[in-house]
$ cat data.cif   # mmCIF, C-alpha atoms
data_upload
#
loop_
_atom_site.group_PDB
_atom_site.id
_atom_site.type_symbol
_atom_site.label_atom_id
_atom_site.label_comp_id
_atom_site.auth_asym_id
_atom_site.auth_seq_id
_atom_site.Cartn_x
_atom_site.Cartn_y
_atom_site.Cartn_z
ATOM 1 C CA ASP M 1 -1.989 -24.546 10.572
ATOM 2 C CA LEU M 2 -3.564 -23.198 13.753
ATOM 3 C CA PHE M 3 -1.544 -22.849 16.943
ATOM 4 C CA ALA M 4 -1.905 -21.746 20.556
ATOM 5 C CA MET M 5 0.602 -21.552 23.393
ATOM 6 C CA MET M 6 0.389 -20.450 27.019
ATOM 7 C CA ASN M 7 3.449 -19.250 28.941
ATOM 8 C CA THR M 8 3.488 -18.536 32.672
ATOM 9 C CA SER M 9 6.520 -16.906 34.281
ATOM 10 C CA TYR M 10 6.967 -16.320 38.006
ATOM 11 C CA ALA M 11 9.338 -13.595 39.235
ATOM 12 C CA ASN M 12 10.215 -12.748 35.632
ATOM 13 C CA PHE M 13 13.392 -10.835 34.747
ATOM 14 C CA GLY M 14 11.707 -7.623 35.864
ATOM 15 C CA GLY M 15 10.549 -9.207 39.131
ATOM 16 C CA TYR M 16 6.918 -9.699 38.078
ATOM 17 C CA ASP M 17 4.592 -12.599 37.324
ATOM 18 C CA GLU M 18 3.348 -12.955 33.761
ATOM 19 C CA THR M 19 0.745 -15.100 32.039
ATOM 20 C CA LEU M 20 0.872 -14.888 28.246
ATOM 21 C CA MET M 21 -1.357 -16.585 25.659
ATOM 22 C CA THR M 22 -0.258 -16.623 22.016
ATOM 23 C CA PHE M 23 -2.516 -17.918 19.256
ATOM 24 C CA GLY M 24 -2.614 -17.583 15.505
ATOM 25 C CA ALA M 25 -2.487 -19.191 12.070
ATOM 26 C CA TYR M 26 0.135 -20.046 9.442
ATOM 27 C CA SER M 27 -0.367 -20.771 5.748
ATOM 28 C CA GLN M 28 2.015 -21.747 2.947
ATOM 29 C CA ARG M 29 1.227 -22.774 -0.613
ATOM 30 C CA SER M 30 1.899 -22.313 -4.316
ATOM 31 C CA PHE M 31 -0.669 -20.880 -6.715
ATOM 32 C CA ALA M 32 -1.057 -19.772 -10.332
ATOM 33 C CA GLU M 33 1.848 -22.069 -11.338
ATOM 34 C CA ASN M 34 4.730 -19.651 -10.637
ATOM 35 C CA PHE M 35 3.662 -17.905 -7.430
ATOM 36 C CA ASP M 36 4.077 -18.974 -3.821
ATOM 37 C CA TYR M 37 3.445 -17.419 -0.442
ATOM 38 C CA ASN M 38 3.775 -18.007 3.263
ATOM 39 C CA ALA M 39 2.028 -15.927 5.895
ATOM 40 C CA MET M 40 1.448 -15.890 9.627
ATOM 41 C CA VAL M 41 -0.695 -13.864 12.007
ATOM 42 C CA ALA M 42 -0.407 -14.143 15.790
ATOM 43 C CA MET M 43 -2.199 -12.421 18.655
ATOM 44 C CA GLN M 44 -1.148 -12.202 22.300
ATOM 45 C CA THR M 45 -3.173 -11.574 25.412
ATOM 46 C CA GLY M 46 -2.508 -11.933 29.118
ATOM 47 C CA THR M 47 -1.455 -10.032 32.219
ATOM 48 C CA ALA M 48 1.720 -8.933 33.953
ATOM 49 C CA ASP M 49 1.280 -8.710 37.723
ATOM 50 C CA PHE M 50 3.585 -6.223 39.433
ATOM 51 C CA GLY M 51 1.894 -6.658 42.808
ATOM 52 C CA ALA M 52 0.483 -3.174 43.293
ATOM 53 C CA THR M 53 -0.477 -2.895 39.615
ATOM 54 C CA GLU M 54 -1.566 -5.263 36.859
ATOM 55 C CA VAL M 55 -0.924 -4.593 33.192
ATOM 56 C CA ASP M 56 -2.958 -6.088 30.338
ATOM 57 C CA ILE M 57 -0.925 -7.564 27.489
ATOM 58 C CA SER M 58 -2.141 -7.118 23.919
ATOM 59 C CA GLY M 59 0.301 -7.672 21.032
ATOM 60 C CA MET M 60 0.158 -8.726 17.392
ATOM 61 C CA LEU M 61 2.485 -10.126 14.729
ATOM 62 C CA LEU M 62 1.959 -10.114 10.956
ATOM 63 C CA ASN M 63 4.417 -11.806 8.634
ATOM 64 C CA GLY M 64 4.109 -12.519 4.934
ATOM 65 C CA GLU M 65 6.255 -13.367 1.922
ATOM 66 C CA ILE M 66 5.135 -13.693 -1.671
ATOM 67 C CA GLY M 67 7.418 -15.014 -4.390
ATOM 68 C CA TYR M 68 7.497 -15.522 -8.149
ATOM 69 C CA THR M 69 9.653 -18.181 -9.830
ATOM 70 C CA MET M 70 10.635 -17.641 -13.463
ATOM 71 C CA ALA M 71 11.047 -20.365 -16.073
ATOM 72 C CA ASN M 72 14.858 -20.317 -15.600
ATOM 73 C CA GLY M 73 14.468 -20.945 -11.833
ATOM 74 C CA VAL M 74 15.096 -17.367 -10.657
ATOM 75 C CA ARG M 75 12.889 -16.551 -7.668
ATOM 76 C CA LEU M 76 11.974 -12.990 -6.656
ATOM 77 C CA ALA M 77 10.126 -12.295 -3.428
ATOM 78 C CA ALA M 78 8.903 -9.520 -1.153
ATOM 79 C CA LEU M 79 8.694 -9.846 2.625
ATOM 80 C CA VAL M 80 6.922 -7.905 5.370
ATOM 81 C CA ASP M 81 7.582 -8.679 9.043
ATOM 82 C CA TYR M 82 5.599 -6.573 11.541
ATOM 83 C CA THR M 83 5.315 -6.699 15.331
ATOM 84 C CA THR M 84 3.389 -4.178 17.387
ATOM 85 C CA GLY M 85 5.163 -1.913 19.869
ATOM 86 C CA ASP M 86 4.156 -0.570 23.254
ATOM 87 C CA ASP M 87 2.359 2.761 23.364
ATOM 88 C CA GLY M 88 4.047 4.675 26.151
ATOM 89 C CA THR M 89 0.918 6.745 26.835
ATOM 90 C CA THR M 90 -1.101 3.729 28.063
ATOM 91 C CA ASN M 91 0.350 2.695 31.421
ATOM 92 C CA ASP M 92 -2.271 0.008 32.065
ATOM 93 C CA LYS M 93 -1.569 -1.839 28.789
ATOM 94 C CA TRP M 94 1.405 -3.469 27.098
ATOM 95 C CA GLU M 95 0.859 -3.529 23.331
ATOM 96 C CA GLY M 96 4.277 -4.845 22.311
ATOM 97 C CA PHE M 97 4.483 -8.337 20.808
ATOM 98 C CA HIS M 98 6.749 -10.753 22.688
ATOM 99 C CA ASN M 99 8.733 -12.771 20.149
ATOM 100 C CA LEU M 100 8.867 -16.090 22.003
ATOM 101 C CA TYR M 101 11.688 -17.518 19.880
ATOM 102 C CA TYR M 102 14.668 -15.862 18.215
ATOM 103 C CA THR M 103 13.792 -15.376 14.546
ATOM 104 C CA SER M 104 16.009 -12.485 13.460
ATOM 105 C CA HIS M 105 18.319 -14.560 11.254
ATOM 106 C CA SER M 106 15.391 -16.014 9.308
ATOM 107 C CA PHE M 107 13.514 -12.755 8.732
ATOM 108 C CA ASN M 108 15.444 -9.593 9.632
ATOM 109 C CA GLY M 109 18.851 -9.907 7.971
ATOM 110 C CA ALA M 110 21.813 -12.289 8.218
ATOM 111 C CA MET M 111 23.859 -9.979 10.471
ATOM 112 C CA ASP M 112 21.365 -10.390 13.348
ATOM 113 C CA LEU M 113 21.701 -6.731 14.350
ATOM 114 C CA VAL M 114 17.969 -6.046 14.539
ATOM 115 C CA ASN M 115 15.498 -8.277 16.338
ATOM 116 C CA ALA M 116 11.982 -7.772 17.678
ATOM 117 C CA HIS M 117 13.292 -8.627 21.168
ATOM 118 C CA ASP M 118 15.479 -5.520 21.127
ATOM 119 C CA PHE M 119 12.793 -2.878 20.765
ATOM 120 C CA ASP M 120 9.821 -2.180 23.016
ATOM 121 C CA GLU M 121 8.605 -0.007 20.133
ATOM 122 C CA GLY M 122 7.979 -3.002 17.832
ATOM 123 C CA LEU M 123 9.531 -3.699 14.455
ATOM 124 C CA MET M 124 8.695 -3.220 10.780
ATOM 125 C CA ASP M 125 10.921 -5.010 8.262
ATOM 126 C CA ILE M 126 10.246 -4.601 4.539
ATOM 127 C CA GLY M 127 12.457 -6.909 2.495
ATOM 128 C CA LEU M 128 13.220 -7.914 -1.080
ATOM 129 C CA LYS M 129 14.805 -11.279 -1.925
ATOM 130 C CA ALA M 130 16.286 -12.887 -5.044
ATOM 131 C CA MET M 131 17.688 -16.355 -5.756
ATOM 132 C CA TYR M 132 19.440 -17.447 -8.958
ATOM 133 C CA PRO M 133 20.218 -21.158 -9.510
ATOM 134 C CA VAL M 134 23.441 -21.116 -11.533
ATOM 135 C CA ASN M 135 23.338 -24.901 -12.002
ATOM 136 C CA ASP M 136 22.396 -28.003 -10.048
ATOM 137 C CA SER M 137 25.130 -27.321 -7.482
ATOM 138 C CA TRP M 138 25.412 -23.532 -7.225
ATOM 139 C CA LYS M 139 22.924 -20.833 -6.329
ATOM 140 C CA LEU M 140 23.343 -17.109 -5.671
ATOM 141 C CA MET M 141 21.158 -15.194 -3.215
ATOM 142 C CA GLY M 142 20.566 -11.567 -2.296
ATOM 143 C CA GLU M 143 18.370 -9.749 0.229
ATOM 144 C CA PHE M 144 17.569 -6.122 1.051
ATOM 145 C CA HIS M 145 15.941 -5.064 4.330
ATOM 146 C CA SER M 146 14.553 -1.684 5.366
ATOM 147 C CA LEU M 147 14.101 -1.679 9.145
ATOM 148 C CA ALA M 148 12.161 0.643 11.441
ATOM 149 C CA THR M 149 10.317 0.622 14.741
ATOM 150 C CA VAL M 150 6.509 0.838 14.780
ATOM 151 C CA GLU M 151 6.279 3.262 17.707
ATOM 152 C CA GLU M 152 8.665 6.214 17.928
ATOM 153 C CA TYR M 153 11.865 5.492 19.897
ATOM 154 C CA ALA M 154 12.467 9.262 20.054
ATOM 155 C CA ALA M 155 10.470 12.288 18.931
ATOM 156 C CA ASP M 156 9.395 11.680 15.305
ATOM 157 C CA LYS M 157 12.044 8.956 14.882
ATOM 158 C CA THR M 158 11.406 5.354 13.831
ATOM 159 C CA ALA M 159 14.068 4.497 11.196
ATOM 160 C CA LEU M 160 16.732 1.941 12.196
ATOM 161 C CA GLY M 161 18.632 1.366 8.962
ATOM 162 C CA THR M 162 19.035 -0.890 5.943
ATOM 163 C CA GLU M 163 20.860 -4.166 5.362
ATOM 164 C CA ILE M 164 22.088 -5.874 2.187
ATOM 165 C CA ASP M 165 22.978 -9.588 2.241
ATOM 166 C CA LEU M 166 24.746 -11.304 -0.675
ATOM 167 C CA SER M 167 25.705 -14.977 -0.621
ATOM 168 C CA GLY M 168 26.497 -18.023 -2.728
ATOM 169 C CA LYS M 169 25.913 -21.676 -1.850
ATOM 170 C CA TYR M 170 27.389 -24.875 -3.301
ATOM 171 C CA VAL M 171 25.835 -28.281 -2.594
ATOM 172 C CA ASP M 172 27.251 -31.659 -3.669
ATOM 173 C CA GLY M 173 25.556 -34.598 -2.001
ATOM 174 C CA GLY M 174 26.053 -34.256 1.737
ATOM 175 C CA PHE M 175 28.617 -31.458 1.357
ATOM 176 C CA ALA M 176 27.513 -27.813 1.433
ATOM 177 C CA TRP M 177 29.621 -24.648 1.324
ATOM 178 C CA GLN M 178 28.269 -21.111 1.698
ATOM 179 C CA THR M 179 29.988 -17.743 1.750
ATOM 180 C CA GLY M 180 28.521 -14.284 1.938
ATOM 181 C CA LEU M 181 28.954 -10.558 2.420
ATOM 182 C CA SER M 182 26.576 -8.314 4.357
ATOM 183 C CA MET M 183 26.450 -4.559 4.922
ATOM 184 C CA PHE M 184 24.342 -2.681 7.479
ATOM 185 C CA SER M 185 23.848 1.095 7.241
ATOM 186 C CA GLY M 186 22.303 2.572 10.369
ATOM 187 C CA SER M 187 19.850 5.453 10.191
ATOM 188 C CA GLU M 188 21.283 8.849 11.099
ATOM 189 C CA ASP M 189 18.376 9.267 13.517
ATOM 190 C CA ARG M 190 19.536 6.169 15.384
ATOM 191 C CA VAL M 191 23.343 6.208 15.211
ATOM 192 C CA GLY M 192 24.209 9.781 14.203
ATOM 193 C CA PRO M 193 25.417 11.351 10.936
ATOM 194 C CA ASN M 194 29.061 10.192 11.158
ATOM 195 C CA ALA M 195 28.544 6.488 11.874
ATOM 196 C CA ASP M 196 30.252 4.037 9.505
ATOM 197 C CA SER M 197 28.475 1.145 7.847
ATOM 198 C CA GLN M 198 29.090 -2.289 9.348
ATOM 199 C CA ASN M 199 30.389 -5.038 7.058
ATOM 200 C CA TRP M 200 30.472 -8.786 7.636
ATOM 201 C CA LEU M 201 32.134 -11.491 5.536
ATOM 202 C CA TYR M 202 31.718 -15.173 6.360
ATOM 203 C CA THR M 203 32.261 -18.649 4.951
ATOM 204 C CA GLN M 204 31.124 -21.991 6.273
ATOM 205 C CA ALA M 205 31.052 -25.636 5.235
ATOM 206 C CA THR M 206 28.969 -28.547 6.466
ATOM 207 C CA MET M 207 29.093 -32.291 5.820
ATOM 208 C CA SER M 208 26.157 -34.638 6.361
ATOM 209 C CA PHE M 209 26.751 -38.366 6.715
#

$ encode --input "data.cif" --output "structure tokens"
Amino acid sequence: DLFAMMNTSYANFGGYDETLMTFGAYSQRSFAENFDYNAMVAMQTGTADFGATEVDISGMLLNGEIGYTMANGVRLAALVDYTTGDDGTTNDKWEGFHNLYYTSHSFNGAMDLVNAHDFDEGLMDIGLKAMYPVNDSWKLMGEFHSLATVEEYAADKTALGTEIDLSGKYVDGGFAWQTGLSMFSGSEDRVGPNADSQNWLYTQATMSF
């Protein structure tokens, strides 16, 4: 799939006018019987007009996941989600990628603590995923994410932390029930040496008619 989108904002949140063009490509398929992948690349260009000054926008996103499904249905996958950050030494350019839609929950951990919107320095998420189908109704899932900024948010510091997500899902016709446990451990560079890990437990049920 190929895509292109133009956004124009007047008197944006920072009090400036912005014209932003995003274009890219997405691909998803299975190959070699047991392997599958999905990947996306997107480029951004445009200008932000502050009145007295005009800044050129130039950002990029790269996202890819490759998975392997075993004969017993277990799927293992690796994920990379990368968005460029702004280089603070170039005042006439903005190199950060503007994530037009909220995608943290799908790519950067179930706790939604880290999102590309939150960091002018960009984001690098390296993840590992596993899914085990217990039977026709139950499946168990696990994810690990290592998160960091692309540009330094402080001198020689880019690490944000790691997240582990564990969950189980039951489906019976139109009824689905999912429960999970997640743990986020912030980097000492970001939150300090004495910060506690954050834990989240949830359960939810849905019914489709």

$ atom_distance --input "data.cif" --atom1 "CA of His98 in chain M" --atom2 "CA of Trp200 in chain M"
28.2 Å

$ closest_residue --input "data.cif" --among "M:Ser197, M:Asn72, M:Ser27, M:Asn7" --to "Val134 in chain M" --atoms "only C-alpha atoms"
M:Asn72

$ residues_around --input "data.cif" --residues "Ala110 in chain M" --least-positions-apart "5" --cutoff "10 Å" --atoms "all atoms listed in the file" --output "JSON, numbers by chain"
{"M": [104, 105, 143, 163, 164, 165, 166, 180, 181, 182, 183, 184, 200]}

$ write_last_selection --input "data.cif" --atoms "C-alpha atoms" --output "JSON list (two decimals), in the frame of the given file"
[["chain", "number", "residue", "atom", "x", "y", "z"],
["M", 104, "SER", "CA", 16.01, -12.48, 13.46],
["M", 105, "HIS", "CA", 18.32, -14.56, 11.25],
["M", 143, "GLU", "CA", 18.37, -9.75, 0.23],
["M", 163, "GLU", "CA", 20.86, -4.17, 5.36],
["M", 164, "ILE", "CA", 22.09, -5.87, 2.19],
["M", 165, "ASP", "CA", 22.98, -9.59, 2.24],
["M", 166, "LEU", "CA", 24.75, -11.30, -0.68],
["M", 180, "GLY", "CA", 28.52, -14.28, 1.94],
["M", 181, "LEU", "CA", 28.95, -10.56, 2.42],
["M", 182, "SER", "CA", 26.58, -8.31, 4.36],
["M", 183, "MET", "CA", 26.45, -4.56, 4.92],
["M", 184, "PHE", "CA", 24.34, -2.68, 7.48],
["M", 200, "TRP", "CA", 30.47, -8.79, 7.64]]

$ residues_around --input "data.cif" --residues "Thr83 in chain M" --least-positions-apart "6" --cutoff "9 Å" --atoms "all atoms listed in the file" --output "ChimeraX atom specification"
/M:59-63,96-99,116,121-124,149-150

$ resolve_selection --input "data.cif" --expression "the PyMOL selection byres ((chain M and resi 174) around 8)" --output "list in words"
Val171, Asp172, Gly173, Phe175, Ala176, Thr206, Met207, Ser208 and Phe209 of chain M

$ residues_around --input "data.cif" --residues "Lys169 in chain M" --least-positions-apart "5" --cutoff "7 Å" --atoms "all atoms listed in the file" --output "list of chain:residue names"
M:Trp138, M:Lys139, M:Leu140, M:Trp177, M:Gln178, M:Thr179

$ atom_distance --input "data.cif" --atom1 "CA of Tyr68 in chain M" --atom2 "CA of Asp36 in chain M"
6.5 Å

$ atom_distance --input "data.cif" --atom1 "CA of Phe3 in chain M" --atom2 "CA of Val80 in chain M"
20.7 Å

$ residues_around --input "data.cif" --residues "Asp17 in chain M" --least-positions-apart "6" --cutoff "9 Å" --atoms "all atoms listed in the file" --output "number ranges by chain"
M: 8-11, 47-51

$ write_last_selection --input "data.cif" --atoms "C-alpha atoms" --output "PDB file, keeping the file's coordinate frame"
ATOM      1  CA  THR M   8       3.488 -18.536  32.672  1.00  0.00           C
ATOM      2  CA  SER M   9       6.520 -16.906  34.281  1.00  0.00           C
ATOM      3  CA  TYR M  10       6.967 -16.320  38.006  1.00  0.00           C
ATOM      4  CA  ALA M  11       9.338 -13.595  39.235  1.00  0.00           C
ATOM      5  CA  THR M  47      -1.455 -10.032  32.219  1.00  0.00           C
ATOM      6  CA  ALA M  48       1.720  -8.933  33.953  1.00  0.00           C
ATOM      7  CA  ASP M  49       1.280  -8.710  37.723  1.00  0.00           C
ATOM      8  CA  PHE M  50       3.585  -6.223  39.433  1.00  0.00           C
ATOM      9  CA  GLY M  51       1.894  -6.658  42.808  1.00  0.00           C
TER      10      GLY M  51
END

$ residues_around --input "data.cif" --residues "Asn91 in chain M" --least-positions-apart "2" --cutoff "12 Å" --atoms "all atoms listed in the file" --output "list of chain:residue names"
M:Ala48, M:Thr53, M:Glu54, M:Val55, M:Asp56, M:Ile57, M:Asp86, M:Asp87, M:Gly88, M:Thr89, M:Lys93, M:Trp94, M:Glu95

$ closest_residue --input "data.cif" --among "M:Val114, M:Leu79, M:Glu188, M:Ala159" --to "Phe144 in chain M" --atoms "all atoms listed in the file"
M:Leu79

$ closest_residue --input "data.cif" --among "M:Ala154, M:Ala130, M:Met111, M:Val74" --to "Tyr202 in chain M" --atoms "only C-alpha atoms"
M:Met111

$ closest_residue --input "data.cif" --among "M:Gly142, M:Glu65, M:Leu128, M:Ser58" --to "Asp92 in chain M" --atoms "all atoms listed in the file"
M:Ser58

$ resolve_selection --input "data.cif" --expression "the PyMOL selection byres ((chain M and resi 161) around 9)" --output "PDB file with C-alpha atoms, in the frame of the given file"
ATOM      1  CA  HIS M 145      15.941  -5.064   4.330  1.00  0.00           C
ATOM      2  CA  SER M 146      14.553  -1.684   5.366  1.00  0.00           C
ATOM      3  CA  LEU M 147      14.101  -1.679   9.145  1.00  0.00           C
ATOM      4  CA  ALA M 148      12.161   0.643  11.441  1.00  0.00           C
ATOM      5  CA  ALA M 159      14.068   4.497  11.196  1.00  0.00           C
ATOM      6  CA  LEU M 160      16.732   1.941  12.196  1.00  0.00           C
ATOM      7  CA  THR M 162      19.035  -0.890   5.943  1.00  0.00           C
ATOM      8  CA  GLU M 163      20.860  -4.166   5.362  1.00  0.00           C
ATOM      9  CA  PHE M 184      24.342  -2.681   7.479  1.00  0.00           C
ATOM     10  CA  SER M 185      23.848   1.095   7.241  1.00  0.00           C
ATOM     11  CA  GLY M 186      22.303   2.572  10.369  1.00  0.00           C
ATOM     12  CA  SER M 187      19.850   5.453  10.191  1.00  0.00           C
ATOM     13  CA  GLU M 188      21.283   8.849  11.099  1.00  0.00           C
ATOM     14  CA  ARG M 190      19.536   6.169  15.384  1.00  0.00           C
TER      15      ARG M 190
END

$ resolve_selection --input "data.cif" --expression "the PyMOL selection byres ((chain M and resi 5) around 9)" --output "JSON, numbers by chain"
{"M": [3, 4, 6, 7, 20, 21, 22, 23]}

$ write_last_selection --input "data.cif" --atoms "C-alpha atoms" --output "PDB file, in the frame of the given file"
ATOM      1  CA  PHE M   3      -1.544 -22.849  16.943  1.00  0.00           C
ATOM      2  CA  ALA M   4      -1.905 -21.746  20.556  1.00  0.00           C
ATOM      3  CA  MET M   6       0.389 -20.450  27.019  1.00  0.00           C
ATOM      4  CA  ASN M   7       3.449 -19.250  28.941  1.00  0.00           C
ATOM      5  CA  LEU M  20       0.872 -14.888  28.246  1.00  0.00           C
ATOM      6  CA  MET M  21      -1.357 -16.585  25.659  1.00  0.00           C
ATOM      7  CA  THR M  22      -0.258 -16.623  22.016  1.00  0.00           C
ATOM      8  CA  PHE M  23      -2.516 -17.918  19.256  1.00  0.00           C
TER       9      PHE M  23
END

$ closest_residue --input "data.cif" --among "M:Thr203, M:Gln198, M:Asn135, M:Asn34" --to "Arg75 in chain M" --atoms "all atoms listed in the file"
M:Asn34

$ closest_residue --input "data.cif" --among "M:Gln44, M:Asn108, M:Asn38, M:Thr158" --to "Gly24 in chain M" --atoms "all atoms listed in the file"
M:Gln44
